[in-house]
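Novice: Next comes the structure file final-v6.txt, holding compact mmCIF, C-alpha atoms.
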```txt
# COMPACT_ATOMS: atom_id res chain seq x y z
CA MET G 1 -23.98 -15.32 27.23
CA GLN G 2 -22.57 -11.81 27.38
CA VAL G 3 -25.54 -9.59 28.29
CA ILE G 4 -25.87 -5.81 28.43
CA VAL G 5 -28.75 -4.24 30.34
CA VAL G 6 -29.56 -0.58 29.73
CA GLY G 7 -31.07 0.90 32.87
CA ALA G 8 -30.51 0.29 36.59
CA GLY G 9 -34.13 0.65 37.64
CA ILE G 10 -36.22 -2.16 39.06
CA TRP G 11 -36.89 -3.94 35.73
CA GLY G 12 -33.36 -3.56 34.43
CA LEU G 13 -31.91 -4.96 37.64
CA ALA G 14 -34.49 -7.78 37.70
CA CYS G 15 -33.44 -8.74 34.17
CA ALA G 16 -29.77 -8.57 35.14
CA TYR G 17 -30.39 -10.75 38.20
CA ALA G 18 -32.35 -13.34 36.22
CA CYS G 19 -29.58 -13.55 33.62
CA ALA G 20 -26.89 -13.80 36.28
CA ARG G 21 -28.80 -16.66 37.87
CA ARG G 22 -28.39 -18.48 34.55
CA GLY G 23 -24.65 -17.93 34.61
CA ASP G 24 -24.57 -15.09 32.08
CA HIS G 25 -21.92 -12.37 32.24
CA VAL G 26 -23.98 -9.21 32.76
CA THR G 27 -23.11 -5.51 32.63
CA VAL G 28 -25.68 -2.83 33.51
CA TYR G 29 -25.32 0.69 32.09
CA ASP G 30 -27.21 3.60 33.64
CA ALA G 31 -27.13 7.29 32.75
CA GLY G 32 -27.24 8.27 36.42
CA ARG G 33 -27.24 6.16 39.54
CA VAL G 34 -29.13 3.05 40.63
CA GLY G 35 -32.81 3.86 41.13
CA ASP G 36 -32.52 7.49 40.03
CA GLY G 37 -35.87 7.46 38.23
CA ALA G 38 -39.29 6.17 39.19
CA SER G 39 -37.71 3.11 40.83
CA GLY G 40 -36.45 5.36 43.61
CA GLY G 41 -39.99 6.14 44.72
CA ILE G 42 -41.71 5.65 48.06
CA VAL G 43 -45.17 4.09 47.57
CA GLY G 44 -44.58 0.39 46.83
CA ALA G 45 -48.11 -0.99 46.50
CA LEU G 46 -48.20 -4.58 45.20
CA ALA G 47 -51.84 -5.27 44.44
CA PRO G 48 -53.75 -7.74 42.24
CA HIS G 49 -56.44 -7.31 39.66
CA VAL G 50 -59.95 -8.08 40.87
CA PRO G 51 -60.74 -11.82 40.85
CA ASP G 52 -63.26 -11.98 38.02
CA GLN G 53 -63.28 -11.98 34.20
CA TRP G 54 -59.97 -13.87 34.38
CA ASN G 55 -57.49 -13.49 31.54
CA PRO G 56 -53.78 -14.15 30.86
CA LYS G 57 -52.75 -10.72 32.17
CA LYS G 58 -54.48 -11.30 35.51
CA GLN G 59 -52.94 -14.78 35.74
CA PHE G 60 -49.46 -13.39 35.03
CA GLN G 61 -49.85 -10.80 37.77
CA PHE G 62 -51.25 -13.38 40.21
CA GLU G 63 -48.23 -15.63 39.67
CA ALA G 64 -45.89 -12.68 40.17
CA LEU G 65 -47.53 -11.57 43.41
CA GLU G 66 -47.66 -15.11 44.76
CA THR G 67 -43.92 -15.66 44.23
CA ALA G 68 -42.81 -12.18 45.31
CA GLY G 69 -42.18 -13.16 48.92
CA ALA G 70 -39.68 -15.88 48.05
CA PHE G 71 -37.90 -13.63 45.55
CA TRP G 72 -37.44 -10.69 47.89
CA ALA G 73 -36.39 -12.97 50.75
CA GLU G 74 -33.62 -14.27 48.47
CA VAL G 75 -32.58 -10.74 47.51
CA ASP G 76 -32.55 -9.60 51.13
CA ALA G 77 -30.45 -12.58 52.20
CA LEU G 78 -27.96 -12.18 49.35
CA SER G 79 -27.62 -8.41 49.69
CA GLY G 80 -27.73 -8.21 53.47
CA MET G 81 -30.26 -5.39 53.06
CA ALA G 82 -34.00 -4.98 53.62
CA SER G 83 -36.35 -4.54 50.66
CA GLY G 84 -39.26 -3.84 53.01
CA TYR G 85 -41.36 -6.58 51.44
CA GLY G 86 -44.41 -7.86 53.32
CA ARG G 87 -47.68 -9.52 52.30
CA ILE G 88 -49.87 -7.27 54.44
CA GLY G 89 -53.09 -7.39 52.39
CA ARG G 90 -55.25 -4.50 51.26
CA LEU G 91 -58.47 -2.78 52.31
CA GLN G 92 -60.82 -1.16 49.79
CA PRO G 93 -64.01 0.65 50.86
CA LEU G 94 -67.49 -0.42 49.83
CA LEU G 95 -69.49 2.67 48.93
CA SER G 96 -72.92 1.23 48.10
CA GLU G 97 -75.16 -1.82 48.37
CA LYS G 98 -74.38 -2.55 44.73
CA ALA G 99 -70.66 -2.58 45.56
CA VAL G 100 -71.35 -5.02 48.40
CA GLU G 101 -73.15 -7.45 46.08
CA LEU G 102 -70.36 -7.25 43.50
CA ALA G 103 -67.77 -7.85 46.22
CA LYS G 104 -69.65 -10.94 47.39
CA ALA G 105 -69.57 -12.37 43.86
CA ARG G 106 -65.86 -11.66 43.57
CA ALA G 107 -65.25 -13.31 46.93
CA MET G 108 -66.69 -16.52 45.50
CA SER G 109 -64.57 -16.18 42.35
CA ALA G 110 -61.41 -15.68 44.42
CA VAL G 111 -61.84 -19.10 46.01
CA ASP G 112 -61.23 -20.74 42.62
CA LEU G 113 -59.05 -18.18 40.86
CA TRP G 114 -56.72 -17.70 43.81
CA HIS G 115 -56.77 -21.44 44.59
CA GLY G 116 -58.02 -20.95 48.13
CA ARG G 117 -54.65 -19.59 49.24
CA TYR G 118 -55.73 -15.94 49.44
CA HIS G 119 -59.06 -14.34 50.23
CA TRP G 120 -61.19 -11.48 48.95
CA GLN G 121 -63.51 -11.05 51.90
CA LEU G 122 -66.06 -8.54 53.16
CA GLU G 123 -65.41 -7.05 56.59
CA ASP G 124 -66.70 -4.28 58.80
CA ARG G 125 -64.96 -0.94 58.52
CA PRO G 126 -61.84 -0.96 60.73
CA GLU G 127 -61.41 1.78 63.32
CA THR G 128 -58.41 3.05 61.37
CA MET G 129 -60.69 4.25 58.56
CA SER G 130 -63.19 7.08 58.84
CA GLU G 131 -66.88 6.27 58.74
CA SER G 132 -67.43 8.43 55.68
CA SER G 133 -64.68 6.67 53.73
CA ALA G 134 -66.23 3.19 54.00
CA PRO G 135 -69.97 3.47 54.74
CA PHE G 136 -70.70 -0.16 53.78
CA GLY G 137 -67.55 -1.76 55.14
CA VAL G 138 -64.48 -2.90 53.24
CA VAL G 139 -63.10 -5.63 51.03
CA HIS G 140 -59.98 -7.18 52.52
CA ASP G 141 -57.75 -9.12 50.12
CA THR G 142 -54.89 -11.11 51.59
CA LEU G 143 -52.80 -11.33 48.39
CA SER G 144 -51.62 -7.71 48.25
CA GLY G 145 -48.20 -6.75 49.53
CA ARG G 146 -45.85 -3.83 49.99
CA LEU G 147 -42.19 -3.03 49.66
CA ASN G 148 -40.04 0.05 49.94
CA PRO G 149 -39.21 0.94 46.30
CA ALA G 150 -35.93 2.78 46.83
CA ALA G 151 -34.70 0.24 49.39
CA ALA G 152 -35.78 -2.70 47.23
CA THR G 153 -33.97 -1.29 44.19
CA THR G 154 -30.80 -0.75 46.22
CA ALA G 155 -31.01 -4.28 47.66
CA LEU G 156 -31.53 -5.80 44.21
CA ALA G 157 -28.52 -3.90 42.86
CA ALA G 158 -26.42 -5.31 45.70
CA ALA G 159 -27.74 -8.81 45.03
CA CYS G 160 -26.84 -8.39 41.35
CA ARG G 161 -23.30 -7.41 42.29
CA ALA G 162 -23.08 -10.43 44.58
CA LYS G 163 -23.96 -12.54 41.53
CA GLY G 164 -21.11 -10.98 39.57
CA VAL G 165 -23.08 -8.33 37.70
CA GLN G 166 -21.11 -5.17 36.88
CA VAL G 167 -23.19 -2.02 37.38
CA LEU G 168 -21.81 1.04 35.60
CA GLU G 169 -23.34 4.29 36.79
CA SER G 170 -22.96 7.60 34.89
CA HIS G 171 -22.76 5.62 31.63
CA ALA G 172 -25.48 7.05 29.41
CA VAL G 173 -26.53 5.11 26.32
CA VAL G 174 -27.48 7.27 23.35
CA GLU G 175 -27.74 4.79 20.48
CA LEU G 176 -28.52 1.15 19.79
CA ALA G 177 -27.20 -1.06 17.00
CA ASN G 178 -27.04 -4.78 16.31
CA ASN G 179 -25.84 -6.43 19.54
CA SER G 180 -24.37 -3.15 20.75
CA ILE G 181 -24.82 0.14 22.55
CA THR G 182 -23.01 3.47 22.23
CA GLY G 183 -22.55 6.38 24.60
CA PRO G 184 -20.09 9.21 25.31
CA TRP G 185 -17.86 6.61 26.97
CA GLY G 186 -17.63 4.48 23.79
CA THR G 187 -19.26 1.33 22.36
CA ALA G 188 -19.95 -2.04 23.95
CA THR G 189 -21.13 -5.27 22.32
CA ALA G 190 -22.80 -8.39 23.69
CA ASP G 191 -24.76 -11.48 22.67
CA ALA G 192 -27.92 -9.75 23.91
CA VAL G 193 -28.90 -6.19 24.84
CA ILE G 194 -31.90 -5.57 27.11
CA VAL G 195 -33.31 -2.04 27.00
CA SER G 196 -35.02 -1.23 30.31
CA ALA G 197 -34.25 2.43 30.81
CA GLY G 198 -37.67 3.78 31.77
CA VAL G 199 -38.92 6.71 29.71
CA ALA G 200 -35.48 7.11 28.10
CA GLY G 201 -35.78 3.52 26.86
CA PHE G 202 -38.77 4.48 24.73
CA ASP G 203 -36.68 7.12 23.00
CA LEU G 204 -33.84 4.64 22.43
CA ILE G 205 -36.00 2.13 20.58
CA ALA G 206 -38.25 4.72 18.85
CA PRO G 207 -36.12 4.94 15.66
CA GLN G 208 -36.89 1.25 15.06
CA THR G 209 -40.65 1.24 15.76
CA PRO G 210 -43.46 2.45 13.48
CA LEU G 211 -45.16 4.28 16.36
CA HIS G 212 -43.57 6.00 19.32
CA PRO G 213 -43.49 3.28 21.99
CA GLY G 214 -44.37 5.23 25.10
CA THR G 215 -44.29 8.31 27.26
CA GLY G 216 -43.84 9.50 30.82
CA VAL G 217 -46.49 10.02 33.48
CA LYS G 218 -45.63 12.16 36.47
CA GLY G 219 -46.40 10.81 39.92
CA GLN G 220 -46.23 12.58 43.27
CA ALA G 221 -46.22 10.92 46.69
CA ALA G 222 -45.38 11.64 50.32
CA LEU G 223 -43.87 9.77 53.24
CA LEU G 224 -45.49 10.42 56.62
CA ASP G 225 -43.95 9.87 60.06
CA LEU G 226 -46.21 7.21 61.60
CA ASP G 227 -45.68 3.56 62.50
CA MET G 228 -48.71 1.46 61.52
CA GLY G 229 -46.81 -1.82 61.64
CA ASP G 230 -48.23 -4.44 59.29
CA HIS G 231 -51.65 -2.82 58.96
CA PRO G 232 -53.07 -3.66 55.52
CA GLN G 233 -52.51 -1.11 52.82
CA ILE G 234 -55.57 0.99 52.00
CA TYR G 235 -56.76 1.99 48.55
CA ALA G 236 -59.60 4.51 48.61
CA ASP G 237 -60.65 7.58 46.62
CA GLY G 238 -57.80 6.95 44.19
CA VAL G 239 -55.16 7.13 46.95
CA TYR G 240 -52.85 4.42 48.27
CA ILE G 241 -51.90 4.40 51.95
CA ILE G 242 -48.97 2.02 52.48
CA PRO G 243 -47.60 1.28 55.96
CA HIS G 244 -43.89 0.52 55.60
CA ALA G 245 -41.74 -1.72 57.76
CA ASN G 246 -39.43 1.17 58.68
CA GLY G 247 -42.10 2.98 60.71
CA SER G 248 -43.41 5.33 58.04
CA VAL G 249 -46.50 5.52 55.84
CA ALA G 250 -46.42 6.33 52.12
CA VAL G 251 -49.38 8.03 50.46
CA GLY G 252 -49.80 8.55 46.73
CA SER G 253 -49.87 9.05 44.01
CA THR G 254 -50.90 11.35 41.22
CA SER G 255 -50.99 10.35 37.54
CA GLU G 256 -50.22 13.45 35.50
CA ASN G 257 -49.98 13.18 31.72
CA THR G 258 -48.92 16.81 31.50
CA TRP G 259 -46.96 18.92 33.95
CA GLU G 260 -45.18 22.24 33.99
CA ALA G 261 -42.24 21.57 36.28
CA ASP G 262 -40.36 18.92 38.22
CA GLY G 263 -40.88 18.54 41.93
CA THR G 264 -44.06 18.49 43.99
CA ASP G 265 -46.91 20.96 44.12
CA ASP G 266 -50.47 21.40 45.39
CA LYS G 267 -51.57 18.20 43.65
CA LEU G 268 -49.62 16.31 46.30
CA ASP G 269 -51.25 18.41 49.01
CA THR G 270 -54.60 17.13 47.74
CA VAL G 271 -53.39 13.52 47.96
CA ILE G 272 -52.18 14.03 51.53
CA ALA G 273 -55.48 15.65 52.53
CA LYS G 274 -57.44 12.73 51.05
CA ALA G 275 -55.26 10.21 52.87
CA ARG G 276 -55.82 11.98 56.20
CA ALA G 277 -59.57 12.05 55.62
CA ILE G 278 -59.59 8.31 54.88
CA CYS G 279 -57.29 7.33 57.75
CA PRO G 280 -57.60 9.73 60.74
CA LEU G 281 -54.44 8.23 62.28
CA LEU G 282 -52.54 10.27 59.69
CA ALA G 283 -54.10 13.58 60.73
CA ASP G 284 -51.13 14.77 62.78
CA ALA G 285 -48.38 12.73 61.13
CA ALA G 286 -45.55 14.94 59.91
CA VAL G 287 -44.57 14.81 56.25
CA LYS G 288 -41.02 13.45 56.11
CA VAL G 289 -40.52 13.31 52.33
CA ARG G 290 -42.25 14.82 49.30
CA TRP G 291 -41.38 12.87 46.15
CA SER G 292 -42.07 13.13 42.44
CA GLY G 293 -40.92 11.07 39.49
CA ILE G 294 -41.71 10.21 35.89
CA ARG G 295 -43.07 6.69 35.39
CA PRO G 296 -42.71 4.93 32.01
CA LYS G 297 -46.05 4.16 30.38
CA ALA G 298 -46.04 2.16 27.14
CA ARG G 299 -48.33 3.47 24.40
CA ARG G 300 -51.04 0.91 25.19
CA ARG G 301 -50.34 0.86 28.94
CA ASP G 302 -49.33 -2.79 29.45
CA PRO G 303 -45.66 -3.87 29.70
CA MET G 304 -43.71 -3.98 26.44
CA LEU G 305 -41.47 -7.04 26.11
CA GLY G 306 -39.65 -8.66 23.21
CA PRO G 307 -37.22 -8.20 20.32
CA VAL G 308 -36.79 -4.67 18.98
CA PRO G 309 -37.52 -4.53 15.23
CA ASN G 310 -34.60 -4.17 12.83
CA LEU G 311 -31.97 -4.71 15.54
CA ARG G 312 -30.31 -8.08 16.01
CA GLY G 313 -29.90 -9.16 19.62
CA VAL G 314 -31.76 -6.21 21.17
CA HIS G 315 -34.78 -6.77 23.43
CA ALA G 316 -37.15 -4.37 25.20
CA ALA G 317 -38.34 -4.60 28.80
CA LEU G 318 -40.26 -1.36 29.11
CA GLY G 319 -43.46 0.11 30.49
CA ALA G 320 -43.31 -0.63 34.22
CA PHE G 321 -45.68 2.27 35.00
CA LYS G 322 -47.89 1.41 38.02
CA ILE G 323 -47.24 -2.35 38.30
CA GLY G 324 -43.48 -2.38 37.91
CA PHE G 325 -42.48 -3.62 41.35
CA GLY G 326 -45.17 -6.26 41.59
CA LEU G 327 -44.14 -7.85 38.28
CA SER G 328 -40.40 -7.16 38.38
CA HIS G 329 -38.97 -10.60 39.18
CA LYS G 330 -41.31 -12.38 36.76
CA ILE G 331 -40.51 -9.86 34.02
CA GLY G 332 -36.82 -10.56 34.63
CA ASP G 333 -37.33 -14.31 34.26
CA VAL G 334 -39.38 -13.85 31.07
CA VAL G 335 -36.84 -11.58 29.38
CA ALA G 336 -33.94 -13.84 30.38
CA ALA G 337 -35.79 -16.77 28.80
CA GLN G 338 -36.50 -14.76 25.65
CA ILE G 339 -32.88 -13.81 25.01
CA HIS G 340 -31.85 -17.43 25.54
CA GLY G 341 -34.44 -18.60 23.02
CA ASP G 342 -36.40 -20.60 25.59
CA PRO G 343 -40.15 -21.01 25.11
CA VAL G 344 -42.11 -18.60 27.26
CA GLU G 345 -45.77 -17.61 27.40
CA ILE G 346 -46.78 -14.03 28.05
CA PRO G 347 -50.07 -12.19 27.54
CA GLU G 348 -50.43 -10.94 23.96
CA SER G 349 -50.85 -7.40 25.32
CA PHE G 350 -47.31 -7.58 26.73
CA THR G 351 -45.72 -8.04 23.29
CA LEU G 352 -44.11 -5.26 21.33
CA ASP G 353 -46.11 -6.26 18.25
CA TRP G 354 -49.38 -5.68 20.11
CA HIS G 355 -48.27 -2.22 21.20
CA MET G 356 -47.33 -1.31 17.63
CA ALA G 357 -50.73 -2.34 16.21
CA LYS G 358 -52.68 0.76 15.19
```
Turn this file's structure into structure tokens for me.
Specialist:
Amino acid sequence: MQVIVVGAGIWGLACAYACARRGDHVTVYDAGRVGDGASGGIVGALAPHVPDQWNPKKQFQFEALETAGAFWAEVDALSGMASGYGRIGRLQPLLSEKAVELAKARAMSAVDLWHGRYHWQLEDRPETMSESSAPFGVVHDTLSGRLNPAAATTALAAACRAKGVQVLESHAVVELANNSITGPWGTATADAVIVSAGVAGFDLIAPQTPLHPGTGVKGQAALLDLDMGDHPQIYADGVYIIPHANGSVAVGSTSENTWEADGTDDKLDTVIAKARAICPLLADAAVKVRWSGIRPKARRRDPMLGPVPNLRGVHAALGAFKIGFGLSHKIGDVVAAQIHGDPVEIPESFTLDWHMAK
């Protein structure tokens, strides 16, 4: 098939890679450069849902996280670059006796739901966390992972090119039609068009949907100069602390539905202060990078996948928001299967029809 992908972020590139694996001829169009938007971030937390009240969405995410290591190893080998992937696990504080009892029940559930391959276990508070942050110890899950978002996006773009994908930067798309896209550079047609352009993708498909499909949520994060090796990521007080393989630690992020300006502000200072209170090792670590970006949130939060109404041959792969990197390779496989007409099962809440229900 001839396939056009709109957007060179993590989901657009994952879709392009999955199609190229099938032998499709793929061209990616991006208004700016690879990873310009939220995919060029710095946090990179890959974390599962809690192992209880299991449902198709949790199963989908589990399968994605379980297969992430093999996918990113393939991308790293093909691109000759480092995505920064590692299954380092995650620590979450226990703040009360009630939380301890709930964690014990979930630990039992994880044995079955995670097939005994990963654990959700109670442990004493590690020395790397302050006593006040985890008064009743921590839950340590061994399924969670990390990667470096900007590096992973760059590596995936290189892997796509190695598979024959053409990536056209500075090629904005302003309009969709049956099996085609149009921009200031002209019009291009294909057997299938995949719209995965972050927040801009919502605006592209909006003329064809009864409700506006999504919006942007601002996130702010920081990169600190400290090497914590493969220490598990920490999630506490609404803040992620992610040790990266390159000798830095990412902390973030905010979720702002409204904002006055681009860039970072005192909301990020609050995140950094919280991270230092949780993990005293960070107290004197210099801030190397302050980052902000707009993440694409579909109108009912979950990913939005499937054919766009009223347009032949046009599919959406939108709504990465907070789980975009963890699901990326599985999203790519699903969308590639959809455009080829192969049977595929996805959670109902991932369908465009579900998002458009009032």
Novice: Around range 85-99 of chain G, with edges along x, y and z and 4 Å added on all six sides, what centre and edge lengths do you get, in Å to one decimal, as lines of an AutoDock Vina configuration file?
Specialist:
```
center_x = -58.3
center_y = -3.4
center_z = 49.6
size_x = 41.8
size_y = 20.2
size_z = 17.7
```
Novice: Which one of G:Arg117, G:Lys58, G:Arg87, G:His355 sits closest to Leu327 in chain G if you count only C-alpha atoms?
Specialist: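 Of the candidates, the smallest distance to Leu327 in chain G is held by G:Lys58.
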Novice: Mind giving me the straight-line distance from CA of Gly238 in chain G to CA of Met304 in chain G in Å, one decimal?
Specialist: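 So the two atoms, CA of Gly238 in chain G and CA of Met304 in chain G, lie 25.2 Å apart.
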Novice: What is the distance, in Å and to one decimal place, between CA of Leu156 in chain G and CA of Gly7 in chain G?
Specialist: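 Here the two named atoms are 13.2 Å from each other.
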Novice: Can you work out which one of G:Lys358, G:Arg161, G:Arg33, G:Lys57 has the shortest atom-to-atom distance to Arg300 in chain G, counting all atoms listed in the file?
Specialist: G:Lys358
